[in-house]
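Novice: This is the structure, below, for whatever I ask next.
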Amino acid sequence: MTSTTRSVQTWMATENEAELESLVSEVTEGKTTLVNIVKALGEYLTSEEDKIRTKGVELLSSVIARCPADKLTRQAVRVLLAFLCQKLEDTETIIPALKGLLSLARTSNCLPEDAPAIAKALFTHAKMNVLVQTVRHTVFSILDALVDRHRQTLKELNNEFLSGYLRMAEGEKDPRNLLVAFAIDRVLIIEFDIKDYIEAFFNVTFCYFPITFRPPPNDPYGITTDDLKAALRGCLTATPEFGRMAIPLFLEKLTAGSPATKRDTLSTMSACFPVYGSGLARSSARELWNHLKLEIFQPTDNITADMALSCTQELVKTIYAPGQEDQKEDDEIEGLAQDVCQECTKILREPEKSQARPAIKVLCAFMSTTPSVARYTISKVVPYLMQLFRAIEETGARVSTLLLLSDVIAAARDATDKDSTPALLPFKDEVFGVATTGLTSASMRAPGIACMLGLVSTQGLLTDEELGFVVHKATEVLSEAAQSDEDEADILKLLTTITGLTPHHVVEQTLPTLFSALPENPPASTDLVAHAKYRRTLEALKTLCQKAELFEVFMVRLTTRVELLCVPASADPDADPEARAAYAYAILKTISRTLAVKVEEKHVDVSKYIERHVPRVFNLFVYASVTLPGGLHSRLISAAAETVDLVCQTLSTERFQSFLEGTFRVFVDGDVSGDIAQGQFKIPAGWKGPFADGASDAQKSLIVLFAGSVVSAYKENTIPVTSLSAFLDQLLQWSLQDTTSHVQQIAAWKIVSSLVNKHTPEVLEFLNDKVAVFWPTRFEDVGLDADNHRRTIGCWVYLARALLVQNHSLTAPFVDRLFEVFPRADIGWDAAKALGRLVDPHAEDGAVLVKKHRAVTRILHVQKFVSTVLPRIIDGATAKEGGEAVQLSYLVGLTALIRAIPKALYASYMPTLIPLLLRGVDLPDDEIRANVIDTFLAAADGDTPEKSLISAHATSLVTKMLKYSRVVEMRNVRVRVAALKYLGVIPAIVRYDVVHPVKARVVKELVEALDDPKRAVRREAVEARTTWFKAAA
Amino acid sequence: MQVDLPYELKLIATLSGHEDRAWHLAWNPTKPLLASCSGDRSVRLYSYSPSALDFRLAASIPTGHTKSVRAVAWAPSGKTLVTASFDANIGVWEREEDDEDGAGEWECLTLLEGHETECKSVAYSSTGTLLASCSRDKSVWVWEVQPDADFECLGVMMEHTQDVKCVAWHPTEELLASASYDDTIRFYIDDPSDDWYCAATIQAHESTVWSLAWSPDGRFLASASDDKTVKIWKRTGQFQFKEVLVLTGHERAVFSLAWGKGKGGARSLGWLASTGSDGIIFVRELQEAEDTVTERLLTKVHDAHGVHDINTVAWCPTTGLEDILGSAGDDGNCKIWRIEPTGV
Amino acid sequence: MSEIYNPNPVIFSTNKQSKSNIHSIWLQDDEGYGSDTYFDDIVEPIDQNEIFDLIRTIYDPEHPNTLEELNVVSAPQIKISGNHLHVEFTPTVPHCGMSTLIGLSIRVRLMRSLPDRFKVDIVVKPGSHQSELAVNKQLNDKERVAAALENPALVKTIEATLQQGVV
């Protein structure tokens, strides 16, 4: 007995996988053939016992399925096909037989001439209504394979195949099978001659429309509604023949259907129109439009309305598709387009009514259909609106008319492509006139501007003179707006749009007007309105002067203005220094904000201001620090520093190197001979730089300016000092001993931080000394008080951050030092809070160690830091030894840290954190309290009643939040706001049974916050109370 | 608190506990027991010792009404309590075993259904044999009180053209008055040969008539209105009423009136308390002069319930306590006041 | 709502408010917090605009538009004196059967958003509604309002008009 026979017998007895394997490998190795296996199976395949027969064929099919293609020889395939087809007759063997057939149908040795036999066998023996889904799926798959590979031969069968197939496909319900069936349908409809079967195919496809199938939750087959929709749509759009029958069905679904159905129908129709052709579109246009109209004018919702709109577009496109034999000249467009145009323009008679909106939408939609329809529509709508505008007196209606017109203009602009002549050209002068009327009359300004915007942004419509005219008018409006304190955003948008096309008009007309609107001298500090007024002008300038040409003028004029303000020609006695400073500050701030936008958008013209702007700034401030008592206001210095910083961010390495050298000469050596501080003013002797002995406060304060010019240096730049470590030491000492203000310290520390970060390897000695000597000595020094220590901790944060952001190994010892002082009563909490500042993007130095300042940073440094520090803090906060006080310090550290980091980093610790945070809320420190509440807020985001961690504490949290929302309990506005915000989210993240019992109380007690002295708090109170009213209702 | 007024209102007790506005309160005529009702659908009962006036919560009845309980009223016997609710029903309540300290379980003996919409007021006739109720359905019902908490409807009067806000029985006769959103007051009696009918109507005010109160001697009727006035009507014939006095001073709608004997002299018609949306409580002594009536302002207190509306005032009927006034407000509280001569 | 009282109402473009700050002579720094108003003790009283902000976003029961867009409410129609608040609104059409519902929505929004001390009167603009007195009387009848708010169906409708929450 051959091994084949043995394996077959054993398998039949045991169904042992191993036997199957060995059979397969025998075939693979050529030791036996499939035909042999059939022989070996002989008796089983004819057995009286149903089970045996089934198993027999099963084995065969399994082997076929597994054995390599090359073993399925032509001869084998032919035999097996015949064999299996015949096994279809036997209800016991049909299932495994189908499996086998599927494998074979997919092999290359299954030739066209086999296809008809297989198909016929299926048609006669596969009774779909009695087969289960999986088996039906096999049948469809076989048919799919045949249609896919042997289309031609099947086409020869045509009707026989079609009718056979249709019988099988009919009544299929399972989405998995339908996906295959739809694929087959489409091929048959397109490629076969279905003239006798159109209705049949229509029924077997359209009966599924619209697809209402919703995939079961976590459905293993991952069939989506869209898969089915797409597949079905493939069939519906397969032949124009469906058109006549389809349209009524679509319309029925559209009227009767749910919003979902409506949308599906609309997009399907859009897809079908082009296929069904212009003839049908034209003949059923009226009926279609009557239905679409409803969806547009009495929309169920906006999305559906828009889809109806684009469906209408498709319809029109189809009807007036180019190359239609009865194409007419534009002016004699007939049929739908004409009717709808008339219909909609009629509605426009009442431009202020809500129906005018959809009407204009339709007309605008027409403009992006076909060129002829677009031209036709414009030729009808534009004149109509013109005449309407002239006819009506009532302002409200005129405003609405202009608004409608602006829509038309915009639509016309977007419809015509760049280089072709603007569709609006024929009506330009009239429209331009009307738009101007709107622009120049206060009551119709907004829509007037909207129209103008459309006009100016239409390629090749307005001439340069016309643009000049617009700018002229707009400039007038702008100055009026300033007078009447109107919102000027729109008019500025118009002007900026024009600067995009051609700047010179704005340069010549608008800028002078705006500059002359800036007062020579500062208004009195009592005159708040006047101060607000020039700020508006500056805001306008900022918006307007982005483009190089304008920005240049802007810089010259404003920098000069600053100089004049800071160093008044005549120091008149009754001057108002604060007002003067405030004015100058506003201008500097405007410069820096404008620069910020330009740097952000990488404008190339920024870098040249290293010569034009920066020296003037240095010159001015140095001069002032020497000549003016007390120098210039610190706000001015920091604003100026911002401008320098921004310019520096655009420098090349080389340019930066030379700039650095200049800067160091000015600030470190106190040498202003170089061109780096050239400008308006002759700097008298007495300038030695901020670090020099006996430097005045005013001069020391210029460290801020110095910082602004250093922090964005490249790490490749060499710092022009003999020893960097030594320099840093001096700087540090200076910051701790010689500074006279916090601002000065921060500036110094920013420099230190930036340099350490970019030159770490170079300054290791410095760093080690800090950890080993500097820190201990300062904290052991009894001569130093808590303030000194706070300062030490202050600079420590800057040092540590410089290392932390690059994942440097030295970070650890720096952090350890902070932990060491946690137990100290005097500064324990300060050290703890410092932990948060180490990773707080909003910390004072946050802006230093960032990309734009070319800092050396590693990704995930925060994660790395948190993963080591957070567990440590949690332990400390919970550890009994060390006692209450130490625990509290850790708690403070925890709140500070958590506040500063993204939720993801501590989410996993939440269960442990919640009880700690609950304690934190009650610490006697509003900053901490606010932090904690913010943390709860952050944690709440994405939280749900099902998995919420705070459910257990909800009631006590509610009580606390209510307490902190009351002004009598809590003076700090930030805490009140935070508390109310959090109160507002609780109902969303806590189970009903927790919320409900407290609802009445919350609603009642929130009344007090509704009467808070601060508007910001009241707003949150209203929000929160509204949510609670809705909650558990 | 004006010092130039002869009397002042001394706050004796603040009874909090309702979770929603307190709509109404009623003193038990025979026992030291006070009932209040609220938007929270509950009724709270307070007992007190007439000497010490120490109010203690005796019971809180959830009532089972599905909407606000707008009004409560005691039968003259003091045994039965009725509740009028926005759920259109009237509840009839008695205490299971009548132990004196008022701690017994209160049970609903029966629920009078018939009104179509919110029931707004109920009242027992002086003898306790009749019960009247009114509703937004514009109707006034008169029920006969029969043994075993059985009530038979004797008449339904659909005279008003709008909500009926209040019903009030004459202190001695079987004469019923009703006040309405239609600005009128109507009077009803039982025609021996026929049914109850509306015997008279007066166009009383310029806006909703919220409340009515008969003078203790039954010769006068007071009405309070949304038009901010209180009017005194003299009964000049069986069904004739003449306006004899208009009391002004309220700054918003007047919601409630109470007319008690007070502690005035022999010629006094008693003390009239009024209150409303302005949160002011007025107490006036009325006196008769020829065919008119004169007022004497005894006292006036602003913000008696803080910033809140006051919905009801009611005099304690117990002899000796005629100077005790109760009030119920939107703050959910009931307050007990004593009217004392200033500076005592 | 079977009957539409005004199928084609006038839509008004809602106007922006002036943004210029006149609290200080110093240009405000970009940070939201810190900048004055936040920590000082200056009391910012509830004013016309704040009330308007509360009711402008209420939706019209008949249209997908807010009361502001339909000019049903406007800041000048709001008067505050002490604890007395007087709100006037303008129905889109004189026969608008929705007026009481609109008024009720306004009342509910204000009841929920204002401290108890306010006594609120809500009336339709004089001459703007054919049954002006009836509507006003109903809107200001405390008992009717209270009862209305115990009517689940009605409350549902009102909640719908308040859907957007507050600004």
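Identifiers for the structure tokens are assigned positionally: chains receive A, B, ... in sequence, residues are indexed from 1 per chain, and ligands are indexed from 1 in the order shown.
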Specify as a PyMOL selection string all residues of chain C found within 9 Å of chain B, counting only C-alpha atoms.
Specialist: chain C and resi 116-119+137+141+143-144+146-147+150
Novice: Keeping only all heavy atoms, write the selected residues as a short mmCIF file (atom, residue, chain, number, x, y, z; two decimals), in the first residue's frame.
Specialist:
```cif
data_model
loop_
_atom_site.label_atom_id
_atom_site.label_comp_id
_atom_site.auth_asym_id
_atom_site.auth_seq_id
_atom_site.Cartn_x
_atom_site.Cartn_y
_atom_site.Cartn_z
N ASP C 116 -29.86 86.16 41.92
CA ASP C 116 -31.26 86.26 42.33
C ASP C 116 -31.72 87.69 42.51
O ASP C 116 -32.90 87.99 42.40
CB ASP C 116 -31.46 85.51 43.67
CG ASP C 116 -31.22 84.03 43.50
OD1 ASP C 116 -31.33 83.57 42.35
OD2 ASP C 116 -30.92 83.36 44.50
N ARG C 117 -30.77 88.58 42.80
CA ARG C 117 -31.19 89.94 43.16
C ARG C 117 -31.94 90.63 42.03
O ARG C 117 -32.69 91.58 42.25
CB ARG C 117 -30.00 90.75 43.61
CG ARG C 117 -28.95 90.96 42.54
CD ARG C 117 -27.72 91.65 43.11
NE ARG C 117 -26.61 91.58 42.21
CZ ARG C 117 -26.37 92.50 41.26
NH1 ARG C 117 -27.19 93.52 41.12
NH2 ARG C 117 -25.32 92.38 40.47
N PHE C 118 -31.77 90.14 40.80
CA PHE C 118 -32.41 90.83 39.69
C PHE C 118 -33.90 90.49 39.59
O PHE C 118 -34.29 89.33 39.67
CB PHE C 118 -31.74 90.46 38.37
CG PHE C 118 -30.48 91.22 38.13
CD1 PHE C 118 -29.25 90.64 38.41
CD2 PHE C 118 -30.51 92.52 37.67
CE1 PHE C 118 -28.08 91.34 38.21
CE2 PHE C 118 -29.34 93.23 37.47
CZ PHE C 118 -28.12 92.64 37.74
N LYS C 119 -34.71 91.54 39.47
CA LYS C 119 -36.12 91.36 39.13
C LYS C 119 -36.22 91.62 37.64
O LYS C 119 -35.85 92.69 37.17
CB LYS C 119 -36.99 92.37 39.88
CG LYS C 119 -36.78 92.36 41.39
CD LYS C 119 -37.52 91.23 42.07
CE LYS C 119 -37.32 91.29 43.60
NZ LYS C 119 -37.83 90.08 44.25
N LYS C 137 -48.27 90.05 29.71
CA LYS C 137 -48.87 89.62 30.97
C LYS C 137 -48.44 88.19 31.27
O LYS C 137 -47.98 87.88 32.37
CB LYS C 137 -50.39 89.71 30.88
CG LYS C 137 -51.09 89.65 32.23
CD LYS C 137 -52.55 90.00 32.11
CE LYS C 137 -53.22 90.03 33.47
NZ LYS C 137 -54.65 90.39 33.36
N ASP C 141 -46.16 86.68 34.39
CA ASP C 141 -46.95 86.05 35.43
C ASP C 141 -46.12 84.92 36.04
O ASP C 141 -45.93 83.87 35.43
CB ASP C 141 -48.25 85.49 34.86
CG ASP C 141 -49.10 84.85 35.95
OD1 ASP C 141 -48.62 83.88 36.57
OD2 ASP C 141 -50.22 85.33 36.18
N GLU C 143 -46.57 82.71 38.30
CA GLU C 143 -47.17 81.40 38.48
C GLU C 143 -47.17 80.64 37.15
O GLU C 143 -46.79 79.47 37.08
CB GLU C 143 -48.60 81.57 38.97
CG GLU C 143 -49.02 80.57 40.00
CD GLU C 143 -50.36 80.96 40.60
OE1 GLU C 143 -51.13 81.69 39.94
OE2 GLU C 143 -50.62 80.53 41.73
N ARG C 144 -47.53 81.36 36.08
CA ARG C 144 -47.59 80.69 34.77
C ARG C 144 -46.20 80.25 34.34
O ARG C 144 -46.02 79.14 33.86
CB ARG C 144 -48.18 81.64 33.74
CG ARG C 144 -49.68 81.73 33.83
CD ARG C 144 -50.23 82.13 32.49
NE ARG C 144 -51.68 82.21 32.51
CZ ARG C 144 -52.39 82.54 31.43
NH1 ARG C 144 -51.77 82.82 30.30
NH2 ARG C 144 -53.72 82.59 31.50
N ALA C 146 -43.66 79.57 36.25
CA ALA C 146 -43.27 78.42 37.08
C ALA C 146 -43.91 77.14 36.55
O ALA C 146 -43.25 76.13 36.37
CB ALA C 146 -43.69 78.66 38.53
N ALA C 147 -45.21 77.22 36.25
CA ALA C 147 -45.92 76.04 35.76
C ALA C 147 -45.35 75.61 34.41
O ALA C 147 -45.09 74.43 34.18
CB ALA C 147 -47.41 76.33 35.65
N GLU C 150 -42.53 73.45 34.46
CA GLU C 150 -42.73 72.08 34.94
C GLU C 150 -43.37 71.23 33.85
O GLU C 150 -43.78 70.11 34.08
CB GLU C 150 -43.61 72.08 36.20
CG GLU C 150 -42.84 72.57 37.42
CD GLU C 150 -43.60 72.33 38.71
OE1 GLU C 150 -43.46 71.24 39.30
OE2 GLU C 150 -44.36 73.23 39.13
#
```
Novice: I'd like to know which residues of region 27-141 of chain C are strand (DSSP E or B) (by DSSP, run on the backbone); could you write them as a PyMOL selection string?
Specialist: chain C and resi 59+66+78-81+84-89+119-124
Novice: Atoms to include: all heavy atoms. Write the selected residues as a compact mmCIF listing (two decimals), in the first residue's frame.
Specialist:
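Heads up, here's the output in selection.txt:
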```txt
# COMPACT_ATOMS: atom_id res chain seq x y z
N TYR C 59 -31.58 80.62 20.10
CA TYR C 59 -32.09 80.35 18.76
C TYR C 59 -33.57 80.62 18.63
O TYR C 59 -34.33 80.43 19.59
CB TYR C 59 -31.77 78.91 18.36
CG TYR C 59 -30.42 78.83 17.72
CD1 TYR C 59 -29.27 78.89 18.50
CD2 TYR C 59 -30.28 78.75 16.34
CE1 TYR C 59 -28.01 78.86 17.92
CE2 TYR C 59 -29.04 78.72 15.75
CZ TYR C 59 -27.91 78.78 16.54
OH TYR C 59 -26.68 78.76 15.95
N THR C 66 -30.10 82.99 15.16
CA THR C 66 -30.16 83.44 16.54
C THR C 66 -31.06 84.67 16.65
O THR C 66 -31.33 85.35 15.65
CB THR C 66 -28.77 83.84 17.05
OG1 THR C 66 -28.33 84.97 16.28
CG2 THR C 66 -27.79 82.70 16.87
N ILE C 78 -32.15 96.65 26.21
CA ILE C 78 -31.96 96.13 27.57
C ILE C 78 -31.67 97.29 28.51
O ILE C 78 -30.79 98.10 28.24
CB ILE C 78 -30.77 95.14 27.59
CG1 ILE C 78 -31.06 93.95 26.67
CG2 ILE C 78 -30.51 94.68 29.02
CD1 ILE C 78 -29.86 93.10 26.39
N LYS C 79 -32.46 97.36 29.57
CA LYS C 79 -32.26 98.45 30.53
C LYS C 79 -32.02 97.87 31.92
O LYS C 79 -32.78 97.01 32.35
CB LYS C 79 -33.49 99.36 30.58
CG LYS C 79 -33.89 99.93 29.21
CD LYS C 79 -33.48 101.37 29.04
CE LYS C 79 -33.80 101.87 27.63
NZ LYS C 79 -33.15 101.07 26.55
N ILE C 80 -30.95 98.35 32.56
CA ILE C 80 -30.69 97.91 33.92
C ILE C 80 -30.72 99.12 34.83
O ILE C 80 -30.07 100.13 34.55
CB ILE C 80 -29.30 97.27 34.06
CG1 ILE C 80 -29.11 96.15 33.05
CG2 ILE C 80 -29.10 96.74 35.47
CD1 ILE C 80 -27.77 95.48 33.14
N SER C 81 -31.53 99.04 35.92
CA SER C 81 -31.40 100.07 36.96
C SER C 81 -31.39 99.35 38.29
O SER C 81 -32.36 98.71 38.67
CB SER C 81 -32.55 101.07 36.88
OG SER C 81 -33.78 100.38 36.93
N HIS C 84 -33.14 96.00 38.94
CA HIS C 84 -34.29 95.82 38.04
C HIS C 84 -33.81 95.76 36.61
O HIS C 84 -33.13 96.66 36.12
CB HIS C 84 -35.29 96.96 38.23
CG HIS C 84 -36.48 96.79 37.34
ND1 HIS C 84 -37.13 97.83 36.73
CD2 HIS C 84 -37.11 95.66 36.92
CE1 HIS C 84 -38.12 97.37 35.99
NE2 HIS C 84 -38.13 96.06 36.09
N LEU C 85 -34.14 94.66 35.96
CA LEU C 85 -33.73 94.45 34.57
C LEU C 85 -34.96 94.42 33.68
O LEU C 85 -35.92 93.70 33.96
CB LEU C 85 -32.96 93.13 34.45
CG LEU C 85 -32.63 92.65 33.04
CD1 LEU C 85 -31.75 93.66 32.32
CD2 LEU C 85 -31.94 91.30 33.11
N HIS C 86 -34.92 95.24 32.63
CA HIS C 86 -36.06 95.32 31.73
C HIS C 86 -35.58 94.93 30.33
O HIS C 86 -34.75 95.62 29.75
CB HIS C 86 -36.62 96.74 31.72
CG HIS C 86 -37.86 96.90 30.92
ND1 HIS C 86 -39.12 96.75 31.45
CD2 HIS C 86 -38.04 97.16 29.61
CE1 HIS C 86 -40.03 96.93 30.51
NE2 HIS C 86 -39.40 97.18 29.37
N VAL C 87 -36.08 93.80 29.84
CA VAL C 87 -35.66 93.33 28.52
C VAL C 87 -36.82 93.42 27.54
O VAL C 87 -37.91 92.93 27.81
CB VAL C 87 -35.17 91.87 28.57
CG1 VAL C 87 -34.78 91.40 27.18
CG2 VAL C 87 -34.00 91.74 29.53
N GLU C 88 -36.55 94.10 26.44
CA GLU C 88 -37.58 94.25 25.41
C GLU C 88 -37.14 93.44 24.20
O GLU C 88 -35.96 93.41 23.86
CB GLU C 88 -37.67 95.72 25.05
CG GLU C 88 -38.69 96.09 24.01
CD GLU C 88 -38.60 97.59 23.69
OE1 GLU C 88 -39.13 98.40 24.49
OE2 GLU C 88 -37.96 97.93 22.68
N PHE C 89 -38.06 92.73 23.58
CA PHE C 89 -37.70 92.03 22.34
C PHE C 89 -38.73 92.28 21.25
O PHE C 89 -39.85 92.69 21.53
CB PHE C 89 -37.49 90.53 22.58
CG PHE C 89 -38.75 89.76 22.89
CD1 PHE C 89 -39.39 89.03 21.90
CD2 PHE C 89 -39.29 89.76 24.16
CE1 PHE C 89 -40.55 88.30 22.18
CE2 PHE C 89 -40.44 89.04 24.45
CZ PHE C 89 -41.07 88.31 23.47
N LYS C 119 -34.71 91.54 39.47
CA LYS C 119 -36.12 91.36 39.13
C LYS C 119 -36.22 91.62 37.64
O LYS C 119 -35.85 92.69 37.17
CB LYS C 119 -36.99 92.37 39.88
CG LYS C 119 -36.78 92.36 41.39
CD LYS C 119 -37.52 91.23 42.07
CE LYS C 119 -37.32 91.29 43.60
NZ LYS C 119 -37.83 90.08 44.25
N VAL C 120 -36.64 90.61 36.89
CA VAL C 120 -36.60 90.71 35.45
C VAL C 120 -37.99 90.88 34.86
O VAL C 120 -38.90 90.11 35.16
CB VAL C 120 -35.96 89.44 34.84
CG1 VAL C 120 -35.87 89.58 33.33
CG2 VAL C 120 -34.59 89.19 35.46
N ASP C 121 -38.16 91.94 34.06
CA ASP C 121 -39.40 92.10 33.31
C ASP C 121 -39.08 91.93 31.84
O ASP C 121 -38.10 92.50 31.34
CB ASP C 121 -40.00 93.49 33.54
CG ASP C 121 -40.54 93.62 34.96
OD1 ASP C 121 -41.04 92.60 35.48
OD2 ASP C 121 -40.42 94.71 35.55
N ILE C 122 -39.85 91.09 31.15
CA ILE C 122 -39.62 90.84 29.73
C ILE C 122 -40.87 91.23 28.96
O ILE C 122 -41.98 90.78 29.28
CB ILE C 122 -39.30 89.35 29.49
CG1 ILE C 122 -38.01 88.99 30.21
CG2 ILE C 122 -39.18 89.08 28.00
CD1 ILE C 122 -37.65 87.53 30.17
N VAL C 123 -40.71 92.13 28.00
CA VAL C 123 -41.87 92.59 27.24
C VAL C 123 -41.53 92.65 25.76
O VAL C 123 -40.37 92.78 25.38
CB VAL C 123 -42.30 94.01 27.69
CG1 VAL C 123 -42.66 94.03 29.16
CG2 VAL C 123 -41.21 95.02 27.39
N VAL C 124 -42.56 92.55 24.90
CA VAL C 124 -42.33 92.74 23.48
C VAL C 124 -42.27 94.24 23.22
O VAL C 124 -42.87 95.04 23.94
CB VAL C 124 -43.44 92.11 22.61
CG1 VAL C 124 -43.49 90.62 22.81
CG2 VAL C 124 -44.78 92.75 22.93
```
Novice: Pull the closest atom pair for each residue of chain B that gets at most 12 Å from chain A, along with the distance in Å to one decimal, counting only C-alpha atoms, ordering rows by chain and then ascending residue number, as JSON lines.
Specialist:
```
{"residue": "B:His18", "atom": "CA", "partner": "A:Ala1000", "partner_atom": "CA", "distance": 11.4}
{"residue": "B:Glu19", "atom": "CA", "partner": "A:Ala1000", "partner_atom": "CA", "distance": 7.7}
{"residue": "B:Asp20", "atom": "CA", "partner": "A:Ala1000", "partner_atom": "CA", "distance": 9.1}
{"residue": "B:Arg21", "atom": "CA", "partner": "A:Lys1004", "partner_atom": "CA", "distance": 11.4}
{"residue": "B:Asp40", "atom": "CA", "partner": "A:Ala1000", "partner_atom": "CA", "distance": 10.6}
{"residue": "B:Asp331", "atom": "CA", "partner": "A:Lys1004", "partner_atom": "CA", "distance": 10.1}
{"residue": "B:Gly332", "atom": "CA", "partner": "A:Lys1004", "partner_atom": "CA", "distance": 11.1}
```
Novice: Could you give me, as number ranges by chain, the residues within 7 Å of Ser133 (chain B), counting only C-alpha atoms and dropping anything in the same chain fewer than 4 positions from it?
Specialist: B: 121-123, 140-142, 167
Novice: Would you export the selected residues with all heavy atoms as an mmCIF file, in the first residue's frame, please?
Specialist:
```cif
data_model
loop_
_atom_site.group_PDB
_atom_site.id
_atom_site.type_symbol
_atom_site.label_atom_id
_atom_site.label_comp_id
_atom_site.auth_asym_id
_atom_site.auth_seq_id
_atom_site.Cartn_x
_atom_site.Cartn_y
_atom_site.Cartn_z
ATOM 1 N N SER B 121 -55.333 77.320 44.261
ATOM 2 C CA SER B 121 -55.765 77.726 45.600
ATOM 3 C C SER B 121 -56.889 76.823 46.092
ATOM 4 O O SER B 121 -57.693 76.326 45.295
ATOM 5 C CB SER B 121 -56.233 79.191 45.565
ATOM 6 O OG SER B 121 -56.877 79.526 46.774
ATOM 7 N N VAL B 122 -56.901 76.555 47.395
ATOM 8 C CA VAL B 122 -57.993 75.803 48.022
ATOM 9 C C VAL B 122 -58.382 76.491 49.325
ATOM 10 O O VAL B 122 -57.545 77.145 49.945
ATOM 11 C CB VAL B 122 -57.594 74.346 48.379
ATOM 12 C CG1 VAL B 122 -57.673 73.441 47.182
ATOM 13 C CG2 VAL B 122 -56.224 74.312 49.017
ATOM 14 N N ALA B 123 -59.651 76.323 49.718
ATOM 15 C CA ALA B 123 -60.104 76.935 50.975
ATOM 16 C C ALA B 123 -61.315 76.188 51.546
ATOM 17 O O ALA B 123 -62.174 75.736 50.791
ATOM 18 C CB ALA B 123 -60.456 78.399 50.731
ATOM 19 N N VAL B 140 -63.908 77.340 38.998
ATOM 20 C CA VAL B 140 -63.943 77.292 40.459
ATOM 21 C C VAL B 140 -64.850 76.137 40.833
ATOM 22 O O VAL B 140 -65.952 76.020 40.305
ATOM 23 C CB VAL B 140 -64.506 78.610 41.042
ATOM 24 C CG1 VAL B 140 -64.723 78.483 42.540
ATOM 25 C CG2 VAL B 140 -63.571 79.760 40.726
ATOM 26 N N TRP B 141 -64.356 75.231 41.682
ATOM 27 C CA TRP B 141 -65.149 74.073 42.095
ATOM 28 C C TRP B 141 -65.527 74.197 43.563
ATOM 29 O O TRP B 141 -64.734 74.661 44.376
ATOM 30 C CB TRP B 141 -64.376 72.756 41.902
ATOM 31 C CG TRP B 141 -64.127 72.385 40.467
ATOM 32 C CD1 TRP B 141 -63.695 73.201 39.473
ATOM 33 C CD2 TRP B 141 -64.293 71.077 39.888
ATOM 34 N NE1 TRP B 141 -63.575 72.505 38.305
ATOM 35 C CE2 TRP B 141 -63.928 71.206 38.520
ATOM 36 C CE3 TRP B 141 -64.710 69.833 40.374
ATOM 37 C CZ2 TRP B 141 -63.969 70.112 37.646
ATOM 38 C CZ3 TRP B 141 -64.738 68.754 39.508
ATOM 39 C CH2 TRP B 141 -64.387 68.894 38.153
ATOM 40 N N VAL B 142 -66.757 73.773 43.865
ATOM 41 C CA VAL B 142 -67.174 73.679 45.263
ATOM 42 C C VAL B 142 -67.484 72.213 45.568
ATOM 43 O O VAL B 142 -68.213 71.564 44.818
ATOM 44 C CB VAL B 142 -68.411 74.559 45.548
ATOM 45 C CG1 VAL B 142 -68.901 74.322 46.975
ATOM 46 C CG2 VAL B 142 -68.066 76.019 45.342
ATOM 47 N N VAL B 167 -59.179 81.550 45.877
ATOM 48 C CA VAL B 167 -60.556 81.473 46.371
ATOM 49 C C VAL B 167 -60.557 81.782 47.874
ATOM 50 O O VAL B 167 -59.620 81.416 48.574
ATOM 51 C CB VAL B 167 -61.183 80.073 46.156
ATOM 52 C CG1 VAL B 167 -61.609 79.909 44.712
ATOM 53 C CG2 VAL B 167 -60.217 78.984 46.563
#
```
Novice: List every residue of chain C that has an atom at most 6 Å from any atom of chain A, giving for each one its closest atom pair and the distance in Å to one decimal, counting only C-alpha atoms, sorted by chain and then by ascending residue number, as a tab-separated table.
Specialist:
```
residue	atom	partner	partner_atom	distance
C:Asn8	CA	A:Ser354	CA	5.5
C:Pro9	CA	A:Lys353	CA	5.6
C:Val10	CA	A:Lys353	CA	4.4
C:Ile11	CA	A:Ser354	CA	5.8
C:Ser18	CA	A:Asp487	CA	5.7
C:Ile22	CA	A:Leu528	CA	5.7
C:Ile25	CA	A:His531	CA	5.7
C:Trp26	CA	A:Ala582	CA	5.1
C:Leu27	CA	A:Ala586	CA	5.6
C:Val43	CA	A:Pro1013	CA	4.7
C:Glu44	CA	A:Lys1014	CA	5.5
C:Ser113	CA	A:Val1022	CA	5.1
C:Leu114	CA	A:Leu1010	CA	5.8
C:Pro115	CA	A:Leu1010	CA	5.4
```
